[in-house]
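Coordinates from query_35.txt are shown below (compact mmCIF, C-alpha atoms).
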```
# COMPACT_ATOMS: atom_id res chain seq x y z
CA MET H 30 -21.24 43.48 -57.83
CA SER H 31 -23.10 43.80 -61.12
CA LYS H 32 -22.57 41.17 -63.83
CA ALA H 33 -22.95 43.73 -66.64
CA PRO H 34 -19.28 44.84 -66.72
CA GLN H 35 -18.17 41.19 -66.74
CA LEU H 36 -20.45 40.38 -69.71
CA VAL H 37 -19.17 43.41 -71.60
CA SER H 38 -15.55 42.44 -71.01
CA PHE H 39 -16.19 38.86 -72.25
CA GLN H 40 -17.91 40.16 -75.36
CA VAL H 41 -15.04 42.56 -76.12
CA LEU H 42 -12.47 39.81 -75.65
CA ARG H 43 -14.46 37.36 -77.82
CA ASN H 44 -14.75 39.93 -80.64
CA PHE H 45 -11.01 40.63 -80.45
CA LEU H 46 -10.15 36.94 -80.74
CA ARG H 47 -12.50 36.50 -83.69
CA LYS H 48 -10.67 39.28 -85.54
CA LEU H 49 -7.34 37.71 -84.58
CA THR H 50 -8.28 34.26 -85.90
CA SER H 51 -9.68 35.73 -89.11
CA THR H 52 -6.49 37.67 -89.88
CA ASN H 53 -4.03 34.99 -88.70
CA PRO H 54 -4.92 31.42 -89.71
CA SER H 55 -2.28 29.98 -87.36
CA PHE H 56 -4.55 30.83 -84.44
CA SER H 57 -7.59 28.71 -83.84
CA SER H 58 -10.59 29.82 -81.85
CA SER H 59 -10.81 26.33 -80.35
CA SER H 60 -7.46 26.95 -78.66
CA PHE H 61 -9.03 29.49 -76.31
CA VAL H 62 -11.29 28.42 -73.49
CA PHE H 63 -13.45 31.01 -71.73
CA SER H 64 -14.60 30.60 -68.20
CA ARG H 65 -16.67 32.93 -66.06
CA THR H 66 -15.43 31.39 -62.84
CA PRO H 67 -13.00 33.57 -60.84
CA PHE H 68 -9.28 32.85 -61.21
CA SER H 69 -7.78 30.74 -58.45
CA PRO H 70 -4.08 31.36 -57.75
CA SER H 71 -3.34 27.73 -57.05
CA ILE H 72 -0.02 26.33 -58.30
CA SER H 73 -0.31 23.42 -60.66
CA ARG H 74 2.42 20.99 -61.65
CA ASP H 75 0.88 20.39 -65.07
CA PRO H 76 2.98 21.43 -68.05
CA PRO H 77 2.36 24.93 -69.43
CA SER H 78 -0.47 25.34 -71.92
CA LEU H 79 0.30 25.68 -75.63
CA PHE H 80 -1.28 27.85 -78.28
CA ALA H 81 -1.93 26.38 -81.68
CA ASN H 82 1.27 27.96 -83.02
CA GLY H 83 3.38 26.31 -80.30
CA THR H 84 3.70 29.32 -77.98
CA SER H 85 4.07 28.28 -74.36
CA ILE H 86 2.44 30.12 -71.46
CA ARG H 87 3.23 29.39 -67.81
CA HIS H 88 0.53 30.61 -65.45
CA TYR H 89 2.67 30.66 -62.32
CA HIS H 90 6.23 31.41 -61.19
CA ASP H 91 8.07 28.24 -60.27
CA GLY H 92 10.46 29.95 -57.85
CA ARG H 93 13.65 29.44 -59.86
CA PRO H 94 16.00 32.41 -60.36
CA ARG H 95 15.76 33.93 -63.81
CA GLY H 96 18.74 35.02 -65.89
CA SER H 97 21.90 35.99 -64.07
CA LEU H 98 20.16 37.03 -60.86
CA TRP H 99 22.18 34.58 -58.76
CA LYS H 100 24.95 33.56 -61.17
CA GLY H 101 27.01 36.74 -60.88
CA LYS H 102 26.39 37.43 -57.19
CA LYS H 103 29.50 37.12 -55.06
CA LEU H 104 28.66 35.49 -51.76
CA ILE H 105 30.39 36.53 -48.52
CA GLY H 106 30.33 34.25 -45.53
CA LYS H 107 28.44 35.14 -42.36
CA GLU H 108 31.63 35.45 -40.34
CA ALA H 109 33.11 37.81 -42.92
CA LEU H 110 29.98 39.97 -42.86
CA PHE H 111 30.11 40.06 -39.06
CA VAL H 112 33.74 41.18 -39.20
CA ILE H 113 32.96 43.94 -41.72
CA LEU H 114 30.14 45.30 -39.56
CA GLY H 115 32.36 45.15 -36.46
CA LEU H 116 35.21 47.00 -38.14
CA LYS H 117 32.89 49.74 -39.36
CA ARG H 118 31.38 50.03 -35.89
CA PHE H 119 34.78 50.66 -34.27
CA LYS H 120 36.47 52.53 -37.13
CA ASP H 121 36.69 55.79 -35.16
CA ASP H 122 38.65 54.11 -32.34
CA ASP H 123 42.03 52.73 -33.43
CA GLU H 124 42.54 50.71 -30.24
CA LYS H 125 39.21 48.93 -30.61
CA VAL H 126 39.88 48.29 -34.30
CA GLU H 127 43.27 46.69 -33.54
CA SER H 128 41.74 44.60 -30.78
CA PHE H 129 38.90 43.50 -33.06
CA ILE H 130 41.37 42.55 -35.79
CA LYS H 131 43.34 40.35 -33.37
CA THR H 132 40.30 38.62 -31.92
CA HIS H 133 38.10 38.26 -35.01
CA VAL H 134 39.81 39.05 -38.31
CA LEU H 135 42.96 36.95 -37.94
CA ARG H 136 40.94 33.86 -37.05
CA LEU H 137 39.17 33.91 -40.40
CA LEU H 138 40.12 31.66 -43.26
CA LYS H 139 42.34 33.06 -45.99
CA MET H 140 39.56 33.54 -48.53
CA ASP H 141 37.33 35.21 -45.94
CA ILE H 142 40.05 37.73 -45.09
CA ILE H 143 40.51 38.49 -48.78
CA ALA H 144 36.73 38.89 -49.11
CA VAL H 145 36.68 41.31 -46.16
CA LEU H 146 39.48 43.34 -47.76
CA GLY H 147 37.71 43.50 -51.11
CA GLU H 148 34.38 44.51 -49.58
CA LEU H 149 35.97 47.29 -47.52
CA GLU H 150 37.61 48.63 -50.68
CA ARG H 151 34.27 48.46 -52.50
CA GLN H 152 32.61 50.46 -49.71
CA ASP H 153 35.43 53.08 -49.79
CA GLU H 154 36.48 52.20 -46.24
CA VAL H 155 40.09 52.90 -47.20
CA ASN H 156 41.47 53.26 -43.66
CA LEU H 157 40.09 49.89 -42.61
CA ALA H 158 41.18 48.25 -45.86
CA LEU H 159 44.74 49.52 -45.35
CA LYS H 160 44.85 48.07 -41.84
CA ILE H 161 43.63 44.68 -43.06
CA PHE H 162 46.06 44.73 -45.98
CA LYS H 163 49.06 45.33 -43.69
CA ARG H 164 47.97 42.35 -41.58
CA VAL H 165 47.64 40.22 -44.71
CA LEU H 166 51.27 40.96 -45.60
CA GLN H 167 52.30 39.50 -42.23
CA GLN H 168 50.51 36.18 -42.69
CA ASP H 169 52.46 32.97 -43.35
CA TRP H 170 50.22 32.06 -46.26
CA TYR H 171 50.73 35.38 -48.06
CA ARG H 172 52.50 35.35 -51.41
CA PRO H 173 53.20 38.51 -53.47
CA ASP H 174 50.01 39.26 -55.40
CA ALA H 175 49.67 42.12 -57.87
CA TYR H 176 45.87 42.18 -57.64
CA LEU H 177 45.82 42.74 -53.87
CA TYR H 178 48.10 45.74 -54.33
CA LYS H 179 46.22 46.96 -57.38
CA ASP H 180 42.77 47.25 -55.81
CA LEU H 181 44.03 49.03 -52.70
CA ILE H 182 46.33 51.37 -54.63
CA ILE H 183 43.46 52.37 -56.92
CA SER H 184 41.21 53.03 -53.90
CA LEU H 185 43.87 55.18 -52.26
CA ALA H 186 44.65 57.07 -55.47
CA ARG H 187 40.98 57.89 -56.03
CA SER H 188 40.88 59.24 -52.47
CA LYS H 189 44.00 61.37 -53.23
CA ARG H 190 45.96 59.66 -50.47
CA MET H 191 49.16 59.63 -52.45
CA ASP H 192 51.53 59.20 -49.50
CA GLU H 193 50.02 55.79 -48.74
CA VAL H 194 50.06 55.03 -52.47
CA MET H 195 53.82 55.55 -52.60
CA GLU H 196 54.32 53.34 -49.53
CA LEU H 197 52.52 50.50 -51.28
CA TRP H 198 54.36 51.32 -54.51
CA GLU H 199 57.72 50.80 -52.78
CA SER H 200 56.42 47.61 -51.20
CA MET H 201 55.47 46.33 -54.66
CA LYS H 202 58.99 47.03 -55.88
CA ASN H 203 60.43 45.07 -52.98
CA ASP H 204 58.18 42.13 -53.92
CA ASN H 205 59.28 42.41 -57.59
CA ILE H 206 55.71 43.10 -58.73
CA TYR H 207 54.98 45.25 -61.76
CA PRO H 208 51.61 47.06 -61.88
CA ASP H 209 49.34 46.78 -64.89
CA ALA H 210 48.22 49.63 -67.14
CA GLN H 211 45.12 50.38 -65.07
CA THR H 212 47.17 50.77 -61.89
CA TYR H 213 49.64 53.07 -63.63
CA SER H 214 46.74 55.10 -65.05
CA GLU H 215 45.00 55.60 -61.70
CA VAL H 216 48.20 56.53 -59.87
CA ILE H 217 49.23 58.98 -62.60
CA ARG H 218 45.74 60.49 -62.58
CA GLY H 219 45.86 60.72 -58.79
CA PHE H 220 49.15 62.65 -58.81
CA LEU H 221 47.89 64.99 -61.52
CA LYS H 222 44.73 65.73 -59.51
CA TYR H 223 46.88 66.06 -56.40
CA GLY H 224 48.83 68.81 -58.20
CA SER H 225 52.11 66.94 -58.44
CA PRO H 226 53.10 66.46 -62.10
CA ALA H 227 56.69 65.64 -61.12
CA ASP H 228 55.53 62.57 -59.17
CA ALA H 229 53.30 61.61 -62.10
CA MET H 230 56.37 61.70 -64.34
CA ASN H 231 58.27 59.50 -61.86
CA ILE H 232 55.52 56.90 -62.14
CA TYR H 233 55.70 57.27 -65.91
CA GLU H 234 59.44 56.51 -65.84
CA ASP H 235 58.73 53.40 -63.77
CA MET H 236 56.11 52.36 -66.31
CA LYS H 237 58.63 52.56 -69.14
CA LYS H 238 60.77 49.98 -67.31
CA SER H 239 57.92 47.50 -67.03
CA PRO H 240 58.36 44.24 -68.99
CA ASP H 241 54.70 44.36 -70.05
CA PRO H 242 53.86 45.92 -73.45
CA PRO H 243 52.76 49.57 -73.13
CA GLU H 244 49.14 50.63 -73.48
CA GLU H 245 47.69 53.93 -74.63
CA LEU H 246 45.61 54.87 -71.58
CA PRO H 247 48.42 56.04 -69.22
CA PHE H 248 49.96 58.07 -72.05
CA ARG H 249 46.69 59.81 -72.87
CA ILE H 250 46.04 60.61 -69.22
CA LEU H 251 49.47 62.23 -69.03
CA LEU H 252 49.03 64.10 -72.31
CA LYS H 253 45.78 65.57 -71.05
CA GLY H 254 46.95 66.29 -67.51
CA LEU H 255 50.23 67.89 -68.60
CA LEU H 256 48.65 70.51 -70.85
CA PRO H 257 49.71 73.32 -68.47
CA HIS H 258 53.27 71.89 -68.53
CA PRO H 259 54.36 71.88 -72.19
CA LEU H 260 57.94 70.72 -71.60
CA LEU H 261 56.89 67.61 -69.73
CA ARG H 262 54.08 67.01 -72.20
CA ASN H 263 56.45 67.18 -75.19
CA LYS H 264 58.58 64.43 -73.68
CA VAL H 265 55.56 62.13 -73.26
CA LYS H 266 54.28 63.09 -76.71
CA GLN H 267 57.53 62.04 -78.38
CA ASP H 268 57.48 58.68 -76.64
CA PHE H 269 53.84 58.16 -77.57
CA GLU H 270 54.46 58.90 -81.25
CA GLU H 271 57.36 56.44 -81.31
CA ILE H 272 55.44 53.63 -79.61
CA PHE H 273 52.05 54.24 -81.29
CA PRO H 274 52.89 55.76 -84.70
CA ASP H 275 49.39 55.14 -86.10
CA GLN H 276 47.58 57.00 -83.30
CA ARG H 277 46.76 60.69 -83.26
CA ILE H 278 47.17 63.21 -80.46
CA TYR H 279 44.92 66.20 -79.93
CA ASP H 280 46.89 69.41 -79.41
CA PRO H 281 44.94 72.42 -78.11
CA PRO H 282 45.34 75.87 -79.71
CA GLU H 283 48.56 77.61 -78.73
CA ASP H 284 46.75 80.60 -77.29
CA ILE H 285 45.34 78.43 -74.49
CA PHE H 286 48.43 76.81 -72.98
CA GLY H 287 51.18 78.09 -75.27
CA PRO H 288 53.12 76.12 -77.90
CA SER H 289 53.38 72.41 -77.16
```
Represent the structure contained in this file as structure tokens.
Amino acid sequence: MSKAPQLVSFQVLRNFLRKLTSTNPSFSSSSFVFSRTPFSPSISRDPPSLFANGTSIRHYHDGRPRGSLWKGKKLIGKEALFVILGLKRFKDDDEKVESFIKTHVLRLLKMDIIAVLGELERQDEVNLALKIFKRVLQQDWYRPDAYLYKDLIISLARSKRMDEVMELWESMKNDNIYPDAQTYSEVIRGFLKYGSPADAMNIYEDMKKSPDPPEELPFRILLKGLLPHPLLRNKVKQDFEEIFPDQRIYDPPEDIFGPS
């Protein structure tokens, strides 16, 4: 390999640094050392080099995770991962799934079972998640938990499986659990997409009985979804204006859906 390109590159770099030191007095030309020997990728334990202005440069990666690469990662145990893969492998055969649940799922620790349930919901394996959830309700250690219901109900509502949603809804009532605003919103949205505004209004009536303070989101979802049903929308609109008097409601032109 010819040495001419290397000499040219050193000359260009030297001229650049001379201009840099002349325009910025904080840099010193003595701070830069030039070597024509090839770079060796050996890892040194010496502290990083410093420029004259105090800037630190590390010439190697020390192997530590940077930022939140590991901090926010939720870890799942090996047994839980094995169970998830096994359930997905047998998901088309109900008998094998039930057998696998008895022999592998129920022997897991409580937190591992909850992790399996959450991961199945995240992967939209709603059928498997529903089977695991029903087994969780039968465990001695189970206590009524709004968040377990919430995540599964939201997954079912987004899949438009409203019959299973209502089964869990009744089970929540029996456990004296009140959903939060997000759960109400997703179930109301699910019924509106499912083409059942009457069921959406039933959920709305349940929401009004909740001891928690009302939030705007479920109301706005109803106000938007009930545009083709002006009578039902007027009822929700009146309640919204009483509860949130400082908020505004968009009403479409009358020639689209009729007077509201």
Counting only C-alpha atoms, which residues have an atom no more than 9 Å from (48.3, 57.2, -70.2) in the file's coordinates? Please list them as a PyMOL selection string. chain H and resi 210+213-214+217-218+233+244-253
Polymer residues at most 10 Å from Phe111 of chain H, all atoms listed in the file, same-chain spacing of 6 or more positions, as a ChimeraX atom specification: /H:133-134,145
For Leu185 of chain H, which residue among H:Asn156, H:Ser225, H:Asn205, H:Gln168 is the nearest when counting all atoms listed in the file?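 Ranking H:Asn156, H:Ser225, H:Asn205, H:Gln168 by distance to Leu185 of chain H, first place goes to H:Asn156.
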Around (48.8, 57.0, -53.0) in the file's own coordinates, what residues are found within 12 Å if you use all atoms listed in the file, given back as a ChimeraX atom specification? /H:155,159,178-199,212-213,215-223,225,228-229,232
Can I get the selected residues back with C-alpha atoms, as a PDB file, keeping the file's coordinate frame?
```
ATOM      1  CA  VAL H 155      40.090  52.900 -47.200  1.00  0.00           C
ATOM      2  CA  LEU H 159      44.740  49.520 -45.350  1.00  0.00           C
ATOM      3  CA  TYR H 178      48.100  45.740 -54.330  1.00  0.00           C
ATOM      4  CA  LYS H 179      46.220  46.960 -57.380  1.00  0.00           C
ATOM      5  CA  ASP H 180      42.770  47.250 -55.810  1.00  0.00           C
ATOM      6  CA  LEU H 181      44.030  49.030 -52.700  1.00  0.00           C
ATOM      7  CA  ILE H 182      46.330  51.370 -54.630  1.00  0.00           C
ATOM      8  CA  ILE H 183      43.460  52.370 -56.920  1.00  0.00           C
ATOM      9  CA  SER H 184      41.210  53.030 -53.900  1.00  0.00           C
ATOM     10  CA  LEU H 185      43.870  55.180 -52.260  1.00  0.00           C
ATOM     11  CA  ALA H 186      44.650  57.070 -55.470  1.00  0.00           C
ATOM     12  CA  ARG H 187      40.980  57.890 -56.030  1.00  0.00           C
ATOM     13  CA  SER H 188      40.880  59.240 -52.470  1.00  0.00           C
ATOM     14  CA  LYS H 189      44.000  61.370 -53.230  1.00  0.00           C
ATOM     15  CA  ARG H 190      45.960  59.660 -50.470  1.00  0.00           C
ATOM     16  CA  MET H 191      49.160  59.630 -52.450  1.00  0.00           C
ATOM     17  CA  ASP H 192      51.530  59.200 -49.500  1.00  0.00           C
ATOM     18  CA  GLU H 193      50.020  55.790 -48.740  1.00  0.00           C
ATOM     19  CA  VAL H 194      50.060  55.030 -52.470  1.00  0.00           C
ATOM     20  CA  MET H 195      53.820  55.550 -52.600  1.00  0.00           C
ATOM     21  CA  GLU H 196      54.320  53.340 -49.530  1.00  0.00           C
ATOM     22  CA  LEU H 197      52.520  50.500 -51.280  1.00  0.00           C
ATOM     23  CA  TRP H 198      54.360  51.320 -54.510  1.00  0.00           C
ATOM     24  CA  GLU H 199      57.720  50.800 -52.780  1.00  0.00           C
ATOM     25  CA  THR H 212      47.170  50.770 -61.890  1.00  0.00           C
ATOM     26  CA  TYR H 213      49.640  53.070 -63.630  1.00  0.00           C
ATOM     27  CA  GLU H 215      45.000  55.600 -61.700  1.00  0.00           C
ATOM     28  CA  VAL H 216      48.200  56.530 -59.870  1.00  0.00           C
ATOM     29  CA  ILE H 217      49.230  58.980 -62.600  1.00  0.00           C
ATOM     30  CA  ARG H 218      45.740  60.490 -62.580  1.00  0.00           C
ATOM     31  CA  GLY H 219      45.860  60.720 -58.790  1.00  0.00           C
ATOM     32  CA  PHE H 220      49.150  62.650 -58.810  1.00  0.00           C
ATOM     33  CA  LEU H 221      47.890  64.990 -61.520  1.00  0.00           C
ATOM     34  CA  LYS H 222      44.730  65.730 -59.510  1.00  0.00           C
ATOM     35  CA  TYR H 223      46.880  66.060 -56.400  1.00  0.00           C
ATOM     36  CA  SER H 225      52.110  66.940 -58.440  1.00  0.00           C
ATOM     37  CA  ASP H 228      55.530  62.570 -59.170  1.00  0.00           C
ATOM     38  CA  ALA H 229      53.300  61.610 -62.100  1.00  0.00           C
ATOM     39  CA  ILE H 232      55.520  56.900 -62.140  1.00  0.00           C
TER      40      ILE H 232
END
```
Excluding Pro243 of chain H and its own-chain neighbours fewer than 4 positions away, which residues fall within 10 Å of it when counting all atoms listed in the file? Please give them as JSON, numbers by chain. {"H": [209, 210, 236, 237, 238, 239, 247, 248, 269, 272, 273]}
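Computed from the coordinates, the atom CA of Trp170 of chain H to atom CA of Lys139 of chain H distance equals 7.9 Å.
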